[in-house]
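Visitor: To be precise about what I am sending: the file is called target-v3.cif and holds mmCIF, C-alpha atoms.
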data_model
#
loop_
_atom_site.group_PDB
_atom_site.id
_atom_site.type_symbol
_atom_site.label_atom_id
_atom_site.label_comp_id
_atom_site.auth_asym_id
_atom_site.auth_seq_id
_atom_site.Cartn_x
_atom_site.Cartn_y
_atom_site.Cartn_z
ATOM 1 C CA MET O 9 141.118 116.516 145.735
ATOM 2 C CA SER O 10 138.670 113.997 147.208
ATOM 3 C CA LEU O 11 136.661 115.106 150.215
ATOM 4 C CA THR O 12 135.832 112.913 153.165
ATOM 5 C CA PRO O 13 132.216 112.852 154.433
ATOM 6 C CA GLU O 14 133.345 115.036 157.354
ATOM 7 C CA GLN O 15 134.696 117.682 154.965
ATOM 8 C CA ARG O 16 131.526 117.955 152.935
ATOM 9 C CA ILE O 17 129.006 120.734 153.420
ATOM 10 C CA GLU O 18 125.802 119.360 154.904
ATOM 11 C CA LEU O 19 122.902 120.479 152.739
ATOM 12 C CA HIS O 20 119.281 121.174 153.541
ATOM 13 C CA GLY O 21 117.316 118.635 151.506
ATOM 14 C CA PHE O 22 118.920 117.628 148.204
ATOM 15 C CA ASN O 23 121.333 119.540 145.979
ATOM 16 C CA ASN O 24 119.371 121.828 143.619
ATOM 17 C CA LEU O 25 122.342 122.983 141.525
ATOM 18 C CA THR O 26 122.074 122.336 137.787
ATOM 19 C CA LYS O 27 125.365 121.733 135.956
ATOM 20 C CA SER O 28 125.343 121.853 132.165
ATOM 21 C CA LEU O 29 128.105 120.836 129.786
ATOM 22 C CA SER O 30 127.783 121.762 126.108
ATOM 23 C CA PHE O 31 130.269 119.993 123.824
ATOM 24 C CA ASN O 32 130.366 121.169 120.196
ATOM 25 C CA MET O 33 132.670 119.455 117.718
ATOM 26 C CA TYR O 34 133.434 120.301 114.087
ATOM 27 C CA ASP O 35 134.766 118.117 111.286
ATOM 28 C CA ILE O 36 135.834 119.974 108.142
ATOM 29 C CA CYS O 37 136.397 118.592 104.628
ATOM 30 C CA TYR O 38 137.279 119.944 101.184
ATOM 31 C CA THR O 39 135.474 118.422 98.199
ATOM 32 C CA ARG O 40 136.173 119.463 94.635
ATOM 33 C CA THR O 41 132.870 118.461 93.035
ATOM 34 C CA LYS O 42 129.213 118.171 93.901
ATOM 35 C CA GLU O 43 129.520 114.381 93.728
ATOM 36 C CA GLU O 44 132.422 114.365 96.210
ATOM 37 C CA ARG O 45 130.486 116.660 98.524
ATOM 38 C CA GLU O 46 127.415 114.418 98.433
ATOM 39 C CA SER O 47 129.601 111.366 99.096
ATOM 40 C CA TYR O 48 131.224 113.074 102.091
ATOM 41 C CA LEU O 49 127.900 114.142 103.572
ATOM 42 C CA GLN O 50 126.518 110.635 103.074
ATOM 43 C CA TYR O 51 129.600 109.152 104.741
ATOM 44 C CA ILE O 52 129.434 111.482 107.733
ATOM 45 C CA ASP O 53 125.677 110.931 108.020
ATOM 46 C CA GLU O 54 126.232 107.174 108.217
ATOM 47 C CA GLN O 55 129.099 107.543 110.695
ATOM 48 C CA TYR O 56 126.973 109.602 113.065
ATOM 49 C CA ASN O 57 123.491 108.197 112.564
ATOM 50 C CA ALA O 58 120.923 108.072 115.356
ATOM 51 C CA ASP O 59 121.858 104.524 116.393
ATOM 52 C CA ARG O 60 125.549 105.299 116.855
ATOM 53 C CA LEU O 61 124.786 108.576 118.618
ATOM 54 C CA THR O 62 122.436 106.707 120.955
ATOM 55 C CA SER O 63 125.269 104.326 121.820
ATOM 56 C CA ILE O 64 127.577 107.287 122.572
ATOM 57 C CA LEU O 65 124.989 108.949 124.820
ATOM 58 C CA LYS O 66 124.315 105.696 126.681
ATOM 59 C CA ASN O 67 128.041 105.456 127.384
ATOM 60 C CA VAL O 68 127.948 109.038 128.680
ATOM 61 C CA ALA O 69 125.051 108.060 130.952
ATOM 62 C CA GLU O 70 127.082 105.105 132.236
ATOM 63 C CA ILE O 71 130.122 107.299 132.918
ATOM 64 C CA ILE O 72 128.131 109.799 134.979
ATOM 65 C CA GLY O 73 126.179 107.011 136.659
ATOM 66 C CA ALA O 74 122.780 107.778 135.169
ATOM 67 C CA HIS O 75 119.886 105.378 134.716
ATOM 68 C CA VAL O 76 118.311 105.816 131.277
ATOM 69 C CA LEU O 77 114.542 106.260 131.560
ATOM 70 C CA ASN O 78 113.658 107.055 127.965
ATOM 71 C CA VAL O 79 115.339 107.346 124.553
ATOM 72 C CA ALA O 80 114.019 109.440 121.665
ATOM 73 C CA LYS O 81 116.015 109.303 118.424
ATOM 74 C CA GLN O 82 115.500 110.458 114.867
ATOM 75 C CA ASP O 83 117.418 110.458 111.567
ATOM 76 C CA TYR O 84 116.567 113.268 109.151
ATOM 77 C CA GLU O 85 116.464 113.715 105.380
ATOM 78 C CA PRO O 86 118.681 114.665 103.686
ATOM 79 C CA GLN O 87 121.151 114.582 106.606
ATOM 80 C CA GLY O 88 121.349 114.902 110.355
ATOM 81 C CA ALA O 89 120.159 113.151 113.481
ATOM 82 C CA SER O 90 118.959 113.898 117.014
ATOM 83 C CA VAL O 91 118.917 111.813 120.180
ATOM 84 C CA THR O 92 117.564 112.689 123.635
ATOM 85 C CA LEU O 93 118.002 110.595 126.772
ATOM 86 C CA LEU O 94 115.967 111.269 129.905
ATOM 87 C CA VAL O 95 117.962 109.959 132.848
ATOM 88 C CA SER O 96 117.502 109.595 136.597
ATOM 89 C CA GLU O 97 119.698 109.113 139.617
ATOM 90 C CA GLY O 98 120.956 106.031 141.420
ATOM 91 C CA PRO O 99 121.046 105.660 145.209
ATOM 92 C CA VAL O 100 123.553 108.028 146.800
ATOM 93 C CA ALA O 101 124.640 105.364 149.250
ATOM 94 C CA GLU O 102 125.932 103.227 146.380
ATOM 95 C CA ALA O 103 128.128 105.966 144.898
ATOM 96 C CA PRO O 104 131.887 105.295 145.189
ATOM 97 C CA GLU O 105 134.033 107.733 147.161
ATOM 98 C CA ASP O 106 135.525 109.408 144.078
ATOM 99 C CA VAL O 107 132.280 110.388 142.355
ATOM 100 C CA PHE O 108 132.292 113.914 143.795
ATOM 101 C CA GLU O 109 135.789 114.702 142.521
ATOM 102 C CA GLU O 110 135.720 116.849 139.385
ATOM 103 C CA SER O 111 138.010 115.322 136.764
ATOM 104 C CA PRO O 112 138.148 114.599 133.014
ATOM 105 C CA GLY O 113 136.528 111.256 133.848
ATOM 106 C CA PRO O 114 137.119 107.766 132.500
ATOM 107 C CA LEU O 115 136.407 106.063 129.238
ATOM 108 C CA PRO O 116 133.383 103.695 129.434
ATOM 109 C CA ASP O 117 133.658 101.375 132.413
ATOM 110 C CA SER O 118 131.648 100.370 135.460
ATOM 111 C CA VAL O 119 130.963 103.709 137.119
ATOM 112 C CA VAL O 120 128.120 104.511 139.522
ATOM 113 C CA ILE O 121 127.250 108.113 140.324
ATOM 114 C CA HIS O 122 123.939 109.829 141.074
ATOM 115 C CA LEU O 123 121.848 112.572 139.505
ATOM 116 C CA ASP O 124 118.215 113.640 139.263
ATOM 117 C CA LYS O 125 115.910 115.385 136.759
ATOM 118 C CA SER O 126 118.562 115.285 134.077
ATOM 119 C CA HIS O 127 118.987 114.765 130.364
ATOM 120 C CA ILE O 128 121.588 114.147 127.665
ATOM 121 C CA THR O 129 121.015 115.277 124.077
ATOM 122 C CA VAL O 130 122.819 115.362 120.733
ATOM 123 C CA HIS O 131 121.984 117.079 117.447
ATOM 124 C CA THR O 132 124.038 116.970 114.244
ATOM 125 C CA TYR O 133 124.340 119.633 111.559
ATOM 126 C CA PRO O 134 125.980 118.709 108.223
ATOM 127 C CA GLU O 135 126.347 121.718 105.889
ATOM 128 C CA TYR O 136 128.480 123.062 103.053
ATOM 129 C CA HIS O 137 129.734 126.317 101.559
ATOM 130 C CA PRO O 138 127.757 127.180 98.384
ATOM 131 C CA ASP O 139 130.879 128.147 96.394
ATOM 132 C CA GLU O 140 134.137 127.120 98.033
ATOM 133 C CA GLY O 141 133.917 123.311 98.125
ATOM 134 C CA ILE O 142 134.128 123.225 101.916
ATOM 135 C CA SER O 143 131.781 121.013 103.938
ATOM 136 C CA THR O 144 131.451 121.014 107.708
ATOM 137 C CA PHE O 145 129.862 118.612 110.143
ATOM 138 C CA ARG O 146 128.897 119.798 113.614
ATOM 139 C CA ALA O 147 127.642 117.739 116.538
ATOM 140 C CA ASP O 148 126.241 119.452 119.632
ATOM 141 C CA ILE O 149 126.037 117.384 122.810
ATOM 142 C CA ASP O 150 124.490 118.691 126.013
ATOM 143 C CA VAL O 151 124.814 116.918 129.361
ATOM 144 C CA SER O 152 122.691 118.474 132.099
ATOM 145 C CA THR O 153 122.723 117.117 135.644
ATOM 146 C CA CYS O 154 121.258 118.074 138.994
ATOM 147 C CA GLY O 155 123.081 117.286 142.222
ATOM 148 C CA GLU O 156 126.650 117.005 143.382
ATOM 149 C CA ILE O 157 128.119 115.201 140.384
ATOM 150 C CA SER O 158 129.528 117.012 137.374
ATOM 151 C CA PRO O 159 128.956 116.322 133.670
ATOM 152 C CA LEU O 160 132.634 117.263 133.233
ATOM 153 C CA LYS O 161 133.307 113.573 133.904
ATOM 154 C CA ALA O 162 131.984 112.835 130.400
ATOM 155 C CA LEU O 163 134.464 115.164 128.690
ATOM 156 C CA ASN O 164 137.291 112.648 128.246
ATOM 157 C CA TYR O 165 134.983 110.121 126.583
ATOM 158 C CA LEU O 166 133.340 112.723 124.324
ATOM 159 C CA ILE O 167 136.716 113.923 123.042
ATOM 160 C CA HIS O 168 137.651 110.321 122.241
ATOM 161 C CA SER O 169 134.304 109.632 120.522
ATOM 162 C CA PHE O 170 134.627 112.172 117.711
ATOM 163 C CA ASP O 171 137.325 112.851 115.124
ATOM 164 C CA THR O 172 137.268 116.582 115.636
ATOM 165 C CA ASP O 173 139.191 119.543 114.224
ATOM 166 C CA ILE O 174 137.635 122.141 116.519
ATOM 167 C CA MET O 175 135.911 121.808 119.899
ATOM 168 C CA ILE O 176 133.896 124.526 121.600
ATOM 169 C CA ILE O 177 132.971 123.649 125.163
ATOM 170 C CA ASP O 178 130.703 125.481 127.603
ATOM 171 C CA TYR O 179 130.122 124.668 131.261
ATOM 172 C CA ARG O 180 127.683 126.479 133.533
ATOM 173 C CA VAL O 181 126.338 126.007 137.048
ATOM 174 C CA ARG O 182 122.812 127.373 137.555
ATOM 175 C CA GLY O 183 120.468 127.814 140.472
ATOM 176 C CA PHE O 184 121.395 127.368 144.115
ATOM 177 C CA THR O 185 121.084 124.989 147.000
ATOM 178 C CA ARG O 186 121.192 125.628 150.767
ATOM 179 C CA ASP O 187 123.238 124.432 153.665
ATOM 180 C CA ILE O 188 121.455 123.380 156.870
ATOM 181 C CA HIS O 189 121.546 126.987 158.110
ATOM 182 C CA GLY O 190 119.700 128.290 155.043
ATOM 183 C CA HIS O 191 122.792 129.886 153.458
ATOM 184 C CA LYS O 192 122.648 129.749 149.653
ATOM 185 C CA LEU O 193 125.395 127.953 147.728
ATOM 186 C CA PHE O 194 125.666 128.887 144.031
ATOM 187 C CA ILE O 195 128.455 126.414 143.229
ATOM 188 C CA ASP O 196 129.747 123.404 145.147
ATOM 189 C CA HIS O 197 133.215 122.870 143.631
ATOM 190 C CA ASP O 198 136.289 124.855 142.623
ATOM 191 C CA ILE O 199 136.809 125.524 138.911
ATOM 192 C CA ASN O 200 138.721 128.209 137.023
ATOM 193 C CA SER O 201 138.853 126.666 133.530
ATOM 194 C CA ILE O 202 137.404 123.787 131.530
ATOM 195 C CA GLN O 203 140.979 123.196 130.379
ATOM 196 C CA ASN O 204 141.666 121.607 133.770
ATOM 197 C CA TYR O 205 139.344 118.757 132.774
ATOM 198 C CA ILE O 206 140.643 118.174 129.241
ATOM 199 C CA PRO O 207 142.932 115.101 129.112
ATOM 200 C CA LEU O 208 146.644 115.853 128.818
ATOM 201 C CA GLU O 209 146.963 114.046 125.476
ATOM 202 C CA ALA O 210 144.297 116.346 124.022
ATOM 203 C CA GLN O 211 145.901 119.450 125.525
ATOM 204 C CA LYS O 212 149.111 118.620 123.632
ATOM 205 C CA ILE O 213 147.453 118.620 120.192
ATOM 206 C CA PHE O 214 145.018 121.551 120.536
ATOM 207 C CA ASP O 215 145.505 125.294 120.824
ATOM 208 C CA MET O 216 143.055 126.480 123.492
ATOM 209 C CA ILE O 217 141.635 129.813 124.620
ATOM 210 C CA ASP O 218 139.208 130.658 127.424
ATOM 211 C CA VAL O 219 136.408 133.188 127.743
ATOM 212 C CA ASN O 220 135.140 132.858 131.314
ATOM 213 C CA ILE O 221 132.718 134.828 133.496
ATOM 214 C CA TYR O 222 133.805 133.595 136.891
ATOM 215 C CA GLN O 223 131.319 135.594 138.950
ATOM 216 C CA GLU O 224 128.439 134.023 136.982
ATOM 217 C CA ASN O 225 129.879 130.476 137.054
ATOM 218 C CA ILE O 226 130.092 130.437 133.240
ATOM 219 C CA PHE O 227 133.117 128.827 131.590
ATOM 220 C CA HIS O 228 133.946 128.691 127.870
ATOM 221 C CA THR O 229 136.886 126.991 126.140
ATOM 222 C CA LYS O 230 137.732 126.783 122.428
ATOM 223 C CA CYS O 231 140.131 124.177 121.014
ATOM 224 C CA LYS O 232 141.679 123.955 117.530
ATOM 225 C CA LEU O 233 144.162 121.380 116.255
ATOM 226 C CA LYS O 234 147.740 122.696 116.266
ATOM 227 C CA GLN O 235 149.025 120.633 113.352
ATOM 228 C CA PHE O 236 147.572 120.980 109.851
ATOM 229 C CA ASP O 237 147.821 118.017 107.472
ATOM 230 C CA LEU O 238 146.017 118.638 104.199
ATOM 231 C CA ASN O 239 145.410 114.915 103.689
ATOM 232 C CA ASN O 240 143.126 114.923 106.746
ATOM 233 C CA TYR O 241 140.752 117.309 104.968
ATOM 234 C CA LEU O 242 140.515 115.670 101.539
ATOM 235 C CA PHE O 243 137.831 113.107 100.776
ATOM 236 C CA GLY O 244 138.558 110.318 98.317
ATOM 237 C CA TYR O 245 142.029 111.456 97.220
ATOM 238 C CA THR O 246 145.367 112.645 98.640
ATOM 239 C CA ALA O 247 147.365 115.868 98.440
ATOM 240 C CA ASP O 248 150.012 114.377 96.136
ATOM 241 C CA GLU O 249 147.345 114.175 93.409
ATOM 242 C CA LEU O 250 147.114 117.978 93.427
ATOM 243 C CA SER O 251 149.424 120.624 92.021
ATOM 244 C CA GLU O 252 151.330 122.848 94.437
ATOM 245 C CA LYS O 253 149.018 125.746 93.583
ATOM 246 C CA GLU O 254 145.918 123.630 94.232
ATOM 247 C CA GLN O 255 147.366 122.522 97.561
ATOM 248 C CA ALA O 256 148.091 126.122 98.547
ATOM 249 C CA ASP O 257 144.631 127.360 97.494
ATOM 250 C CA ILE O 258 142.795 124.577 99.337
ATOM 251 C CA THR O 259 144.980 125.027 102.423
ATOM 252 C CA GLU O 260 144.135 128.740 102.507
ATOM 253 C CA LYS O 261 140.397 128.090 102.189
ATOM 254 C CA LEU O 262 140.455 125.454 104.935
ATOM 255 C CA THR O 263 142.535 127.659 107.224
ATOM 256 C CA VAL O 264 140.097 130.541 106.833
ATOM 257 C CA GLU O 265 137.152 128.233 107.511
ATOM 258 C CA MET O 266 138.738 126.830 110.674
ATOM 259 C CA ASN O 267 139.748 130.262 111.964
ATOM 260 C CA GLU O 268 136.258 131.649 111.358
ATOM 261 C CA ILE O 269 134.721 128.817 113.370
ATOM 262 C CA PHE O 270 137.349 129.059 116.104
ATOM 263 C CA TYR O 271 137.071 132.832 116.547
ATOM 264 C CA GLY O 272 133.342 132.993 115.809
ATOM 265 C CA LYS O 273 133.469 135.661 113.139
ATOM 266 C CA ASN O 274 133.837 136.089 109.374
ATOM 267 C CA ILE O 275 137.354 136.930 108.258
ATOM 268 C CA SER O 276 137.790 139.782 105.770
ATOM 269 C CA GLY O 277 138.332 138.626 102.218
ATOM 270 C CA SER O 278 136.670 135.219 102.628
#
Would you write the structure of this file as structure tokens?
Guide:
Amino acid sequence: MSLTPEQRIELHGFNNLTKSLSFNMYDICYTRTKEERESYLQYIDEQYNADRLTSILKNVAEIIGAHVLNVAKQDYEPQGASVTLLVSEGPVAEAPEDVFEESPGPLPDSVVIHLDKSHITVHTYPEYHPDEGISTFRADIDVSTCGEISPLKALNYLIHSFDTDIMIIDYRVRGFTRDIHGHKLFIDHDINSIQNYIPLEAQKIFDMIDVNIYQENIFHTKCKLKQFDLNNYLFGYTADELSEKEQADITEKLTVEMNEIFYGKNISGS
């Protein structure tokens, strides 16, 4: 619900709350040979190189209304990339009325919001199982803002920017600010789950669980695709080229891998 200026809490000085969104996505693939694995890792490395990741982070900055001060980016050998954006705020007076409303946020468009002493980062982690033919690609994006706006507004765009099998999302509000009477405020908006800010179309295709610590303003949501299509996890060939036994064996290995990532623990027998 949008608040009018009269409904807002008048603060002493500026808002010192720090709001941090951590968005972790996983892409999983099965490759039968070393050559297929190397081809997959090369493909994923090209898809998410430093230049493309920089473009994604600049769109995030636009969505939350940030002015980009500095960009540091790096591609790594043999795989991986990192990008860091240092961003600053825009004038509060120019912010539209809806900027203080927590929501999943828009896709890239003309949006002006304000923040201060903030940053946006991404790091990628391609890796593979030494024996099982499974490769995984992980991208970690962190959006940290100070002030009244929320990095949750970038969530819709981030979900649309990656072809992801599993998402693990953390949101935390740190520090405090004061009202004009000196009373500390440790959070400035209502929230009971990150799921409230995940677009409805994404909610329909993911199974989701929460692990929240409400009293500490820490929120954690895990998402895993509901539907399993083996063809989505094969690189360079399709399931109909495999025997039924091969399909069953690969499906079992992929299912174990996804469940281990989703639940954050090794599963017996894997």
Visitor: Which one is closest to Leu166 in chain O: O:Ile149, O:Val91, O:Val264, O:Ile199? Count only C-alpha atoms.
Guide: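 Ranked by minimum distance to Leu166 in chain O, first place goes to O:Ile149.
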Visitor: Name all residues at most 9 Å from Arg146 in chain O (count only C-alpha atoms; drop same-chain ones fewer than 5 positions away) and give them as a list in words.
Guide: Asn32, Met33, Tyr34, Asp35, Ile36, His131, Thr132, Tyr133, Pro134 and Glu135 of chain O
Visitor: Taking only C-alpha atoms into account, which of O:Thr39, O:Glu224, O:His191, O:Val68 comes nearest Asp150 in chain O?
Guide: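 Once distances to Asp150 in chain O are computed over only C-alpha atoms, the minimum belongs to O:Val68.
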Visitor: Have a look at O:Asp83, O:Asp218, O:Asp173, O:Glu252 and name the one nearest to Phe236 in chain O; count all atoms listed in the file.
Guide: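 Of the candidates, the smallest distance to Phe236 in chain O is held by O:Asp173.
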Visitor: Measure the distance from CA of Ser143 in chain O to CA of Tyr51 in chain O in Å and round it to one decimal.
Guide: 12.1 Å
Visitor: Choose the residue, out of O:Glu70, O:Ile64, O:Phe243, O:Val76, that has the smallest atom-to-atom separation from Ile167 in chain O; count all atoms listed in the file.
Guide: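 Of O:Glu70, O:Ile64, O:Phe243, O:Val76, the one nearest Ile167 in chain O is O:Ile64, counting all atoms listed in the file.
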Visitor: For the file shown, report as number ranges by chain the outcome of the PyMOL selection byres ((chain O and resi 214) around 8) at residue level.
Guide: O: 210-213, 215-216, 231-234
Visitor: Using CA of Ile174 in chain O and CA of Glu44 in chain O as the two end points, give the distance in Å to one decimal.
Guide: 22.4 Å
Visitor: Which distance in Å separates CA of Asp178 in chain O and CA of Asn200 in chain O, to one decimal?
Guide: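 Spanning CA of Asp178 in chain O to CA of Asn200 in chain O is a straight-line distance of 12.7 Å.
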